[in-house]
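Have a look at run.csv; it's CSV, C-alpha atoms:
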chain,number,residue,atom,x,y,z
A,1,MET,CA,-35.3,-33.1,103.7
A,2,VAL,CA,-35.9,-32.2,100.1
A,3,THR,CA,-38.9,-33.9,98.5
A,4,PRO,CA,-38.6,-34.6,94.7
A,5,CYS,CA,-41.2,-33.2,92.3
A,6,PRO,CA,-43.9,-35.7,91.4
A,7,THR,CA,-44.0,-37.0,87.9
A,8,SER,CA,-46.7,-35.2,85.9
A,9,LEU,CA,-49.5,-37.3,84.6
A,10,VAL,CA,-49.7,-37.5,80.8
A,11,SER,CA,-52.6,-39.0,79.0
A,12,PRO,CA,-52.0,-41.8,76.4
A,13,ALA,CA,-53.3,-39.5,73.6
A,14,ALA,CA,-50.7,-36.8,74.5
A,15,ARG,CA,-47.9,-39.4,74.5
A,16,ALA,CA,-48.9,-40.6,71.0
A,17,ARG,CA,-49.1,-37.0,69.7
A,18,ARG,CA,-45.6,-36.3,71.1
A,19,ARG,CA,-44.3,-39.5,69.5
A,20,ASP,CA,-45.7,-38.4,66.1
A,21,ASP,CA,-44.1,-35.0,66.4
A,22,GLN,CA,-40.7,-36.6,67.1
A,23,ASN,CA,-41.1,-38.8,64.0
A,24,LEU,CA,-41.9,-35.8,61.8
A,25,ARG,CA,-38.6,-34.0,62.6
A,26,ALA,CA,-36.0,-33.8,59.8
A,27,PRO,CA,-33.0,-35.9,60.3
A,28,VAL,CA,-29.9,-34.1,61.4
A,29,LYS,CA,-26.6,-35.0,59.6
A,30,LYS,CA,-23.8,-35.4,62.0
A,31,ASN,CA,-20.7,-33.5,61.2
A,32,ARG,CA,-17.8,-35.8,60.5
A,33,ARG,CA,-14.3,-34.8,61.4
A,34,PRO,CA,-12.1,-34.5,58.3
A,35,ARG,CA,-9.5,-37.2,57.8
A,36,LEU,CA,-6.0,-36.1,58.1
A,37,ARG,CA,-3.7,-37.7,55.6
A,38,ARG,CA,-0.2,-38.3,56.7
A,39,LYS,CA,2.2,-36.8,54.3
A,40,GLN,CA,5.3,-38.7,53.3
A,41,PRO,CA,8.5,-37.0,54.6
A,42,LEU,CA,10.6,-35.4,51.9
A,43,GLN,CA,13.7,-37.3,50.9
A,44,PRO,CA,16.9,-35.4,51.4
A,45,LEU,CA,18.5,-34.2,48.2
A,46,ASN,CA,21.9,-35.4,47.2
A,47,PRO,CA,24.6,-33.0,48.3
A,48,CYS,CA,25.7,-30.8,45.5
A,49,PRO,CA,27.9,-27.7,45.3
A,50,LEU,CA,26.2,-24.3,45.7
A,51,PRO,CA,25.8,-22.2,42.6
A,52,GLY,CA,28.0,-19.2,42.1
A,53,ASP,CA,27.0,-15.5,42.1
A,54,SER,CA,24.9,-15.9,39.0
A,55,GLY,CA,23.1,-18.9,40.4
A,56,VAL,CA,23.7,-20.9,37.3
A,57,CYS,CA,27.4,-20.8,36.3
A,58,ASP,CA,28.3,-24.0,38.2
A,59,LEU,CA,25.5,-26.0,36.7
A,60,PHE,CA,26.1,-25.5,33.0
A,61,GLU,CA,27.1,-28.1,30.4
A,62,SER,CA,28.3,-26.5,27.2
A,63,PRO,CA,27.1,-28.2,24.0
A,64,SER,CA,30.6,-27.9,22.6
A,65,SER,CA,32.3,-29.6,25.6
A,66,GLY,CA,31.1,-33.0,24.5
A,67,SER,CA,29.8,-33.9,28.0
A,68,ASP,CA,26.5,-35.7,28.4
A,69,GLY,CA,25.8,-34.0,31.7
A,70,ALA,CA,26.5,-37.1,33.9
A,71,ASP,CA,28.5,-35.1,36.4
A,72,SER,CA,26.2,-32.2,36.7
A,73,PRO,CA,23.8,-31.7,39.7
A,74,ALA,CA,20.9,-31.7,37.3
A,75,ALA,CA,21.6,-35.2,36.3
A,76,SER,CA,21.8,-36.4,39.9
A,77,THR,CA,18.6,-34.7,41.2
A,78,ALA,CA,16.1,-34.8,38.3
A,79,LEU,CA,13.8,-37.8,38.6
A,80,GLY,CA,16.1,-39.6,40.8
A,81,CYS,CA,18.4,-40.7,37.9
A,82,SER,CA,22.1,-40.9,38.2
A,83,SER,CA,23.0,-40.0,34.6
A,84,LEU,CA,21.5,-38.6,31.5
A,85,PRO,CA,20.3,-41.4,29.2
A,86,ALA,CA,21.5,-41.6,25.6
A,87,PRO,CA,19.0,-39.4,23.7
A,88,ALA,CA,17.9,-42.0,21.3
A,89,GLN,CA,14.8,-40.3,20.0
A,90,GLN,CA,12.2,-42.6,18.7
A,91,LEU,CA,11.1,-42.0,15.1
A,92,VAL,CA,7.4,-41.2,15.3
A,93,GLN,CA,5.0,-42.2,12.6
A,94,LEU,CA,3.5,-39.8,10.1
A,95,ASP,CA,-0.2,-39.0,10.1
A,96,LEU,CA,-0.7,-38.2,6.5
A,97,GLN,CA,-4.5,-38.2,6.6
A,98,THR,CA,-4.6,-35.5,9.2
A,99,PHE,CA,-2.0,-33.6,7.2
A,100,ARG,CA,-4.2,-33.8,4.1
A,101,ASP,CA,-7.2,-32.4,6.0
A,102,TYR,CA,-5.6,-29.7,8.2
A,103,GLY,CA,-1.9,-29.4,7.4
A,104,GLN,CA,-2.0,-26.6,4.9
A,105,SER,CA,-4.5,-24.5,6.8
A,106,CYS,CA,-2.5,-24.9,10.0
A,107,TYR,CA,0.7,-24.0,8.2
A,108,VAL,CA,-0.8,-20.8,6.7
A,109,PHE,CA,-2.2,-19.7,10.0
A,110,ARG,CA,1.0,-20.3,12.0
A,111,LYS,CA,3.2,-18.8,9.2
A,112,SER,CA,1.1,-15.6,9.4
A,113,ARG,CA,1.6,-15.4,13.2
A,114,GLU,CA,5.3,-16.1,13.0
A,115,SER,CA,6.5,-12.5,13.0
A,116,HIS,CA,4.2,-11.6,15.9
A,117,PHE,CA,5.9,-14.2,18.2
A,118,HIS,CA,9.4,-13.8,16.9
A,119,PRO,CA,11.7,-12.0,19.4
A,120,ARG,CA,14.3,-9.7,17.8
A,121,GLU,CA,17.4,-8.6,19.7
A,122,SER,CA,16.2,-10.0,23.0
A,123,LEU,CA,19.4,-9.0,24.8
A,124,ALA,CA,19.4,-5.4,23.7
A,125,ARG,CA,17.8,-4.2,27.0
A,126,GLN,CA,19.8,-6.6,29.2
A,127,PRO,CA,22.7,-5.0,31.1
A,128,GLN,CA,23.6,-8.2,33.0
A,129,VAL,CA,22.5,-11.1,30.7
A,130,THR,CA,24.9,-11.7,27.8
A,131,ALA,CA,24.9,-14.0,24.8
A,132,GLU,CA,27.4,-16.2,26.6
A,133,SER,CA,25.2,-16.6,29.7
A,134,ARG,CA,22.2,-17.3,27.5
A,135,CYS,CA,24.1,-20.0,25.7
A,136,LYS,CA,25.2,-21.5,29.0
A,137,LEU,CA,21.6,-21.5,30.4
A,138,LEU,CA,20.1,-23.2,27.3
A,139,SER,CA,23.0,-25.6,27.1
A,140,TRP,CA,22.0,-26.7,30.6
A,141,LEU,CA,18.3,-26.6,29.9
A,142,ILE,CA,18.5,-28.9,26.8
A,143,PRO,CA,19.8,-31.9,28.9
A,144,VAL,CA,17.2,-31.1,31.6
A,145,HIS,CA,14.4,-31.3,29.0
A,146,ARG,CA,15.8,-34.7,27.9
A,147,GLN,CA,16.1,-35.9,31.5
A,148,PHE,CA,12.4,-35.2,32.0
A,149,HIS,CA,11.6,-36.9,28.6
A,150,LEU,CA,9.9,-33.8,27.4
A,151,SER,CA,9.0,-33.1,23.8
A,152,PHE,CA,11.0,-30.9,21.4
A,153,GLU,CA,7.9,-28.6,21.2
A,154,SER,CA,8.2,-27.9,24.9
A,155,LEU,CA,11.8,-26.9,24.6
A,156,CYS,CA,11.1,-24.6,21.6
A,157,LEU,CA,8.2,-22.9,23.5
A,158,ALA,CA,10.4,-22.5,26.6
A,159,VAL,CA,13.1,-20.7,24.6
A,160,ASN,CA,10.5,-18.6,22.8
A,161,THR,CA,9.0,-17.6,26.2
A,162,LEU,CA,12.5,-16.8,27.6
A,163,ASP,CA,13.5,-14.6,24.7
A,164,ARG,CA,10.2,-12.7,24.5
A,165,PHE,CA,10.4,-11.9,28.2
A,166,LEU,CA,13.9,-10.7,27.8
A,167,THR,CA,12.7,-8.2,25.3
A,168,THR,CA,10.3,-6.7,27.8
A,169,THR,CA,12.1,-6.7,31.2
A,170,PRO,CA,15.7,-6.5,32.4
A,171,VAL,CA,16.7,-9.6,34.3
A,172,ALA,CA,19.3,-9.8,37.0
A,173,ALA,CA,22.1,-12.3,36.5
A,174,ASP,CA,21.3,-14.2,39.8
A,175,CYS,CA,17.6,-14.7,38.6
A,176,PHE,CA,18.4,-15.9,35.1
A,177,GLN,CA,18.4,-19.6,35.9
A,178,LEU,CA,15.0,-19.2,37.7
A,179,LEU,CA,13.7,-17.5,34.5
A,180,GLY,CA,14.9,-20.6,32.5
A,181,VAL,CA,13.1,-23.2,34.7
A,182,THR,CA,10.0,-20.9,34.9
A,183,SER,CA,9.9,-20.7,31.1
A,184,LEU,CA,10.2,-24.5,30.9
A,185,LEU,CA,7.3,-24.9,33.3
A,186,ILE,CA,5.1,-22.6,31.4
A,187,ALA,CA,5.9,-24.4,28.1
A,188,CYS,CA,5.3,-27.8,29.7
A,189,LYS,CA,1.9,-26.8,31.0
A,190,GLN,CA,0.8,-26.1,27.4
A,191,VAL,CA,2.2,-29.3,25.8
A,192,GLU,CA,2.9,-32.1,28.2
A,193,VAL,CA,0.3,-34.3,29.8
A,194,HIS,CA,2.4,-34.6,32.9
A,195,PRO,CA,4.6,-31.5,33.3
A,196,PRO,CA,7.4,-31.5,35.8
A,197,ARG,CA,6.6,-30.6,39.4
A,198,VAL,CA,7.8,-27.4,40.9
A,199,LYS,CA,9.7,-29.3,43.5
A,200,GLN,CA,11.6,-31.2,40.8
A,201,LEU,CA,12.5,-28.0,39.0
A,202,LEU,CA,13.7,-26.3,42.1
A,203,ALA,CA,15.8,-29.3,43.0
A,204,LEU,CA,17.7,-28.7,39.7
A,205,CYS,CA,18.7,-25.3,41.1
A,206,CYS,CA,20.2,-26.8,44.2
A,207,GLY,CA,17.8,-24.9,46.5
A,208,ALA,CA,18.9,-21.5,45.3
A,209,PHE,CA,15.2,-20.4,44.8
A,210,SER,CA,12.0,-21.0,46.7
A,211,ARG,CA,8.6,-22.2,45.4
A,212,GLN,CA,7.1,-18.7,46.1
A,213,GLN,CA,9.8,-17.1,43.9
A,214,LEU,CA,9.1,-19.4,41.0
A,215,CYS,CA,5.4,-18.9,41.2
A,216,ASN,CA,5.8,-15.1,41.5
A,217,LEU,CA,8.0,-15.0,38.4
A,218,GLU,CA,5.6,-17.2,36.5
A,219,CYS,CA,2.9,-14.6,37.1
A,220,ILE,CA,5.2,-11.8,36.0
A,221,VAL,CA,6.1,-13.6,32.8
A,222,LEU,CA,2.5,-14.3,31.9
A,223,HIS,CA,1.6,-10.7,32.6
A,224,LYS,CA,4.4,-9.3,30.5
A,225,LEU,CA,3.5,-11.6,27.6
A,226,HIS,CA,-0.2,-10.8,28.0
A,227,PHE,CA,-0.9,-14.6,28.2
A,228,SER,CA,0.0,-14.9,24.5
A,229,LEU,CA,1.8,-18.2,24.5
A,230,GLY,CA,0.9,-20.1,21.3
A,231,ALA,CA,4.0,-19.3,19.3
A,232,PRO,CA,4.9,-21.1,16.1
A,233,THR,CA,8.0,-23.2,16.7
A,234,ILE,CA,10.8,-25.0,14.8
A,235,SER,CA,9.2,-28.2,15.9
A,236,PHE,CA,5.9,-27.5,14.1
A,237,PHE,CA,7.6,-26.4,10.9
A,238,LEU,CA,9.9,-29.5,10.9
A,239,GLU,CA,6.9,-31.8,11.2
A,240,HIS,CA,5.0,-29.8,8.5
A,241,PHE,CA,7.9,-29.9,6.0
A,242,THR,CA,8.5,-33.6,6.7
A,243,HIS,CA,4.8,-34.4,6.0
A,244,ALA,CA,4.8,-32.2,2.9
A,245,ARG,CA,7.8,-33.9,1.2
A,246,VAL,CA,6.4,-37.4,1.9
A,247,GLU,CA,3.0,-36.4,0.6
A,248,ALA,CA,4.6,-34.9,-2.6
A,249,GLY,CA,6.5,-38.1,-3.1
A,250,GLN,CA,9.9,-36.5,-2.7
A,251,ALA,CA,11.1,-38.9,0.0
A,252,GLU,CA,10.3,-42.2,1.5
A,253,VAL,CA,8.8,-42.3,5.0
A,254,SER,CA,11.9,-43.8,6.6
A,255,GLU,CA,14.2,-41.3,5.0
A,256,ALA,CA,12.0,-38.4,5.9
A,257,LEU,CA,11.8,-39.5,9.5
A,258,GLU,CA,15.6,-39.9,9.8
A,259,ALA,CA,16.2,-36.5,8.3
A,260,GLN,CA,13.7,-35.0,10.7
A,261,ALA,CA,15.4,-36.5,13.7
A,262,LEU,CA,18.8,-35.3,12.5
A,263,ALA,CA,17.4,-31.8,11.8
A,264,ARG,CA,15.9,-31.7,15.3
A,265,GLY,CA,19.3,-32.3,16.8
A,266,VAL,CA,20.8,-29.5,14.7
A,267,ALA,CA,17.9,-27.2,15.7
A,268,GLU,CA,18.6,-27.9,19.4
A,269,LEU,CA,22.1,-26.7,18.9
A,270,SER,CA,20.9,-23.5,17.2
A,271,LEU,CA,18.5,-22.7,20.0
A,272,ALA,CA,21.4,-22.2,22.4
A,273,ASP,CA,23.3,-19.9,20.0
A,274,TYR,CA,22.2,-16.3,20.1
A,275,ALA,CA,23.3,-15.7,16.5
A,276,PHE,CA,20.3,-17.7,15.3
A,277,THR,CA,17.7,-15.7,17.1
A,278,GLY,CA,17.5,-13.4,14.0
A,279,TYR,CA,16.1,-16.2,11.9
A,280,THR,CA,12.4,-17.1,12.0
A,281,PRO,CA,11.5,-20.7,13.0
A,282,SER,CA,10.3,-21.6,9.5
A,283,LEU,CA,13.6,-20.5,8.0
A,284,LEU,CA,15.6,-22.5,10.6
A,285,ALA,CA,13.4,-25.5,10.1
A,286,ILE,CA,13.8,-25.7,6.3
A,287,CYS,CA,17.6,-25.1,6.6
A,288,CYS,CA,18.0,-27.8,9.3
A,289,LEU,CA,16.2,-30.2,7.0
A,290,ALA,CA,18.3,-29.3,4.0
A,291,LEU,CA,21.5,-29.7,6.1
A,292,ALA,CA,20.3,-33.1,7.4
A,293,ASP,CA,19.6,-34.3,3.9
A,294,ARG,CA,23.1,-33.5,2.9
A,295,MET,CA,24.6,-35.1,5.9
A,296,LEU,CA,22.5,-38.3,5.3
A,297,GLN,CA,23.3,-38.0,1.5
A,298,LEU,CA,19.7,-38.5,0.5
A,299,PRO,CA,19.2,-38.7,-3.3
A,300,ARG,CA,16.3,-36.2,-3.3
A,301,PRO,CA,17.0,-33.4,-0.8
A,302,VAL,CA,14.2,-31.2,0.5
A,303,ASP,CA,13.1,-28.3,-1.7
A,304,LEU,CA,14.2,-25.1,-0.1
A,305,ARG,CA,11.4,-23.2,-1.8
A,306,LEU,CA,8.8,-24.8,0.5
A,307,GLY,CA,9.2,-22.0,3.1
A,308,GLY,CA,9.1,-19.2,0.6
A,309,HIS,CA,12.3,-17.5,1.9
A,310,PRO,CA,14.8,-15.5,-0.1
A,311,GLU,CA,17.8,-17.4,-1.5
A,312,ALA,CA,20.3,-15.1,0.3
A,313,ALA,CA,18.7,-15.7,3.7
A,314,LEU,CA,18.7,-19.5,3.1
A,315,GLN,CA,22.4,-19.6,2.1
A,316,ASP,CA,23.4,-17.4,5.1
A,317,CYS,CA,21.5,-19.6,7.5
A,318,LEU,CA,22.9,-22.8,6.0
A,319,SER,CA,26.5,-21.6,6.2
A,320,LYS,CA,26.1,-20.7,9.9
A,321,LEU,CA,24.4,-24.1,10.6
A,322,GLN,CA,27.3,-25.9,9.0
A,323,LEU,CA,29.8,-24.1,11.2
A,324,LEU,CA,27.7,-24.8,14.3
A,325,VAL,CA,27.6,-28.5,13.5
A,326,ALA,CA,31.3,-28.6,12.8
A,327,ILE,CA,32.1,-27.0,16.2
A,328,ASN,CA,29.6,-29.3,18.1
A,329,GLU,CA,30.1,-32.7,16.4
A,330,THR,CA,30.6,-34.5,19.7
A,331,SER,CA,27.5,-33.0,21.3
A,332,LEU,CA,25.4,-33.7,18.2
A,333,THR,CA,26.2,-37.4,18.4
A,334,HIS,CA,24.8,-37.5,21.9
A,335,MET,CA,21.6,-36.0,20.7
A,336,LEU,CA,20.9,-38.5,17.8
A,337,PRO,CA,19.8,-42.1,17.6
A,338,PHE,CA,22.6,-44.5,17.1
A,339,GLN,CA,21.5,-45.7,13.7
A,340,ILE,CA,21.5,-42.1,12.4
A,341,CYS,CA,25.0,-41.4,13.8
A,342,GLU,CA,26.2,-44.3,11.8
A,343,ARG,CA,24.6,-43.1,8.5
A,344,CYS,CA,25.3,-39.4,8.6
A,345,SER,CA,28.5,-37.5,7.9
A,346,LEU,CA,29.2,-34.9,10.6
A,347,SER,CA,31.2,-32.8,8.3
A,348,PRO,CA,28.7,-31.7,5.6
A,349,LYS,CA,29.8,-29.8,2.6
A,350,LEU,CA,27.4,-27.3,1.2
A,351,LYS,CA,27.3,-27.2,-2.6
If you convert what's in this file into C-alpha cells, what do you get?
Amino acid sequence: MVTPCPTSLVSPAARARRRDDQNLRAPVKKNRRPRLRRKQPLQPLNPCPLPGDSGVCDLFESPSSGSDGADSPAASTALGCSSLPAPAQQLVQLDLQTFRDYGQSCYVFRKSRESHFHPRESLARQPQVTAESRCKLLSWLIPVHRQFHLSFESLCLAVNTLDRFLTTTPVAADCFQLLGVTSLLIACKQVEVHPPRVKQLLALCCGAFSRQQLCNLECIVLHKLHFSLGAPTISFFLEHFTHARVEAGQAEVSEALEAQALARGVAELSLADYAFTGYTPSLLAICCLALADRMLQLPRPVDLRLGGHPEAALQDCLSKLQLLVAINETSLTHMLPFQICERCSLSPKLK
C-alpha cells in the first residue's frame, strides 16, 4: 500500500511572501486566434465568345461603325451594366481664380516637357502591331473608359503610356490587348480616386489573361518608362486654352464649355488614329478647339496663336481633323451631350 507524501508545513509569513511574489508578476497577454473572414463567392461571368488569335480582334468596336458598344462583351461585363450609357459629358465649371494664380506657370512647365513625353513613330519597331490594330484597340478602349466613368485625362495618359512603351519594346499581337488594359490601369492610378479593379479589367478580356500576367506587364511597363509618367496631355491643354479665352474675354463661359466638350469628342477620335501621333498634344488641343468653334459657329473663334505653333502645322492638322470628323460623324454624336449635337454642324467647312 502506497502512502501519500505528507503536506509540507508552511508558515503564514512564507505564504504572504509567496502571495506578494505572485502579485508582482507582469500580466501575460493571451494570444487571440485571428478571425477568419468568409469571402464572398465570385459571381460567374456572362458567357461571351472567346477572343481570336490576337486576343482582341473579336472585342473591338470601330469608331467609324456607329456602334455604341452595346453588343460587345465589354459592355456586358464591365461594372455589371448591360449597355454603354449615352456619353452625355457634364459641363464642368471653370476655376478662373486658380487659373490666374497658377495657370500660366503650369502651362509653361508642361509645354517645356511636351517634347520629352511625345512618342514619335511608336510602331516603327513593331513587327506584329500595326496602325490598324492600334486603332481597333483604342476604339475598344474608349468605350471602356466611358463605361467606368473615367476622366478624359486618364484616357490620354493611357494612350501616351501605350505609345511610349511601343517605342521601347516589341509587343506580340496576342498581348496587345493586355498592354491596353495595363496602360489604362497605370493611368487610372495617377488620376482617379477609385481606379478600376484588376478583376474588372480582366473580365473585359473574357479571361484571356491572368492577374499575374497583368501585374508582371505593369512592372515591365514602369521599368521601361523609368517611372516617368506625368506626361502633358490633350486634356490639360484643352482646359488651359478654355480658361485662357474666357479670362481674356474672347468667349462666354457657356460657349467656352460647349466648345471644350465638342473638342474633347474630336480629340477622342484623334487618339485612335495613328496619323495624329505626329502632332503634339498642345497642337491637337488648339486645333480641336478651333474646329469645335467652327462647328458651333461661335462669333469669336479661339485664337490659333495661343499655342505658338507654325501656321502650316495648324492648317495641316485642321484639315486632317475635318476629314476625321466627316468619316466618324455617327460615332461623334454618341460621344457628345445631346444639347451640343443639336447646335453643332457635323460637316464643318474650313475657311
Check your understanding: atom CA of Ala275 of chain A and atom CA of Ile220 of chain A, how far apart in Å?
Key ->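 Computing it gives 26.9 Å between the two atoms.
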Review point. Pick from A:Leu178, A:Ala187, A:Val302, A:Ala124: nearest to Ala158 of chain A, with all atoms listed in the file counted?
Key: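 Nearest to Ala158 of chain A: A:Ala187.
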Exercise for review: Have a look at atom CA of Gln212 of chain A and atom CA of Phe227 of chain A and let me know their distance in Å, one decimal.
Suggested key: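 Between atom CA of Gln212 of chain A and atom CA of Phe227 of chain A the gap works out to 20.0 Å.
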**Study point:** Proximity to Ala263 of chain A - best of A:Phe152, A:Ser210, A:Pro196, A:Pro170, only C-alpha atoms
**Key:**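 Going through A:Phe152, A:Ser210, A:Pro196, A:Pro170 one by one, the smallest distance to Ala263 of chain A is for A:Phe152.
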Check your understanding: How would you write as a PyMOL selection string the residues that get within 7 Å of (22.4, -21.9, 22.0) in the file's frame, counting all atoms listed in the file?
Key -> chain A and resi 135+138-139+269-274
Review point. Out of A:Ala131, A:Leu283, A:Leu262, A:Leu318, which residue has the shortest atom-to-atom distance to Arg343 of chain A when counting all atoms listed in the file?
Key: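 That would be A:Leu262, the residue with the smallest distance to Arg343 of chain A.
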Write out all heavy atoms for segment 97-106 of chain A, as a tab-separated table (two decimals), keeping the file's coordinate frame.
chain	number	residue	atom	x	y	z
A	97	GLN	N	-3.06	-38.58	6.77
A	97	GLN	CA	-4.50	-38.20	6.60
A	97	GLN	C	-4.82	-36.92	7.27
A	97	GLN	O	-5.51	-36.07	6.70
A	97	GLN	CB	-5.36	-39.37	7.07
A	97	GLN	CG	-6.85	-39.15	6.82
A	97	GLN	CD	-7.17	-38.96	5.34
A	97	GLN	OE1	-6.68	-39.72	4.49
A	97	GLN	NE2	-7.99	-37.98	5.01
A	98	THR	N	-4.36	-36.77	8.50
A	98	THR	CA	-4.60	-35.50	9.20
A	98	THR	C	-3.90	-34.35	8.51
A	98	THR	O	-4.41	-33.23	8.45
A	98	THR	CB	-4.11	-35.62	10.65
A	98	THR	OG1	-4.76	-36.73	11.28
A	98	THR	CG2	-4.40	-34.36	11.43
A	99	PHE	N	-2.72	-34.63	7.94
A	99	PHE	CA	-2.00	-33.60	7.20
A	99	PHE	C	-2.78	-33.17	5.97
A	99	PHE	O	-2.83	-31.97	5.63
A	99	PHE	CB	-0.61	-34.08	6.83
A	99	PHE	CG	0.15	-33.13	5.96
A	99	PHE	CD1	0.75	-32.00	6.50
A	99	PHE	CD2	0.27	-33.35	4.59
A	99	PHE	CE1	1.45	-31.11	5.70
A	99	PHE	CE2	0.97	-32.46	3.79
A	99	PHE	CZ	1.55	-31.34	4.35
A	100	ARG	N	-3.39	-34.12	5.28
A	100	ARG	CA	-4.20	-33.80	4.10
A	100	ARG	C	-5.38	-32.90	4.45
A	100	ARG	O	-5.78	-32.01	3.70
A	100	ARG	CB	-4.64	-35.02	3.38
A	100	ARG	CG	-3.51	-35.90	2.84
A	100	ARG	CD	-4.04	-37.04	2.02
A	100	ARG	NE	-3.00	-38.01	1.69
A	100	ARG	CZ	-2.84	-39.18	2.28
A	100	ARG	NH1	-3.70	-39.54	3.22
A	100	ARG	NH2	-1.86	-39.99	1.93
A	101	ASP	N	-5.97	-33.16	5.62
A	101	ASP	CA	-7.20	-32.40	6.00
A	101	ASP	C	-6.89	-31.06	6.58
A	101	ASP	O	-7.60	-30.09	6.28
A	101	ASP	CB	-7.96	-33.26	7.04
A	101	ASP	CG	-8.47	-34.57	6.46
A	101	ASP	OD1	-8.60	-34.66	5.22
A	101	ASP	OD2	-8.72	-35.52	7.24
A	102	TYR	N	-5.86	-30.96	7.43
A	102	TYR	CA	-5.60	-29.70	8.20
A	102	TYR	C	-4.23	-29.15	8.04
A	102	TYR	O	-3.97	-28.05	8.56
A	102	TYR	CB	-5.91	-29.94	9.68
A	102	TYR	CG	-7.24	-30.57	9.97
A	102	TYR	CD1	-7.33	-31.92	10.33
A	102	TYR	CD2	-8.42	-29.84	9.88
A	102	TYR	CE1	-8.56	-32.51	10.59
A	102	TYR	CE2	-9.64	-30.41	10.15
A	102	TYR	CZ	-9.71	-31.76	10.51
A	102	TYR	OH	-10.91	-32.34	10.77
A	103	GLY	N	-3.32	-29.87	7.38
A	103	GLY	CA	-1.90	-29.40	7.40
A	103	GLY	C	-1.69	-28.09	6.75
A	103	GLY	O	-1.04	-27.21	7.34
A	104	GLN	N	-2.24	-27.85	5.58
A	104	GLN	CA	-2.00	-26.60	4.90
A	104	GLN	C	-2.62	-25.41	5.59
A	104	GLN	O	-2.01	-24.33	5.69
A	104	GLN	CB	-2.49	-26.70	3.44
A	104	GLN	CG	-2.10	-25.53	2.55
A	104	GLN	CD	-0.59	-25.37	2.41
A	104	GLN	OE1	0.15	-26.36	2.51
A	104	GLN	NE2	-0.14	-24.15	2.18
A	105	SER	N	-3.82	-25.59	6.10
A	105	SER	CA	-4.50	-24.50	6.80
A	105	SER	C	-3.76	-24.12	8.08
A	105	SER	O	-3.61	-22.94	8.42
A	105	SER	CB	-5.95	-24.83	7.08
A	105	SER	OG	-6.03	-26.01	7.88
A	106	CYS	N	-3.29	-25.13	8.82
A	106	CYS	CA	-2.50	-24.90	10.00
A	106	CYS	C	-1.21	-24.16	9.71
A	106	CYS	O	-0.78	-23.24	10.43
A	106	CYS	CB	-2.26	-26.16	10.80
A	106	CYS	SG	-3.72	-26.92	11.53
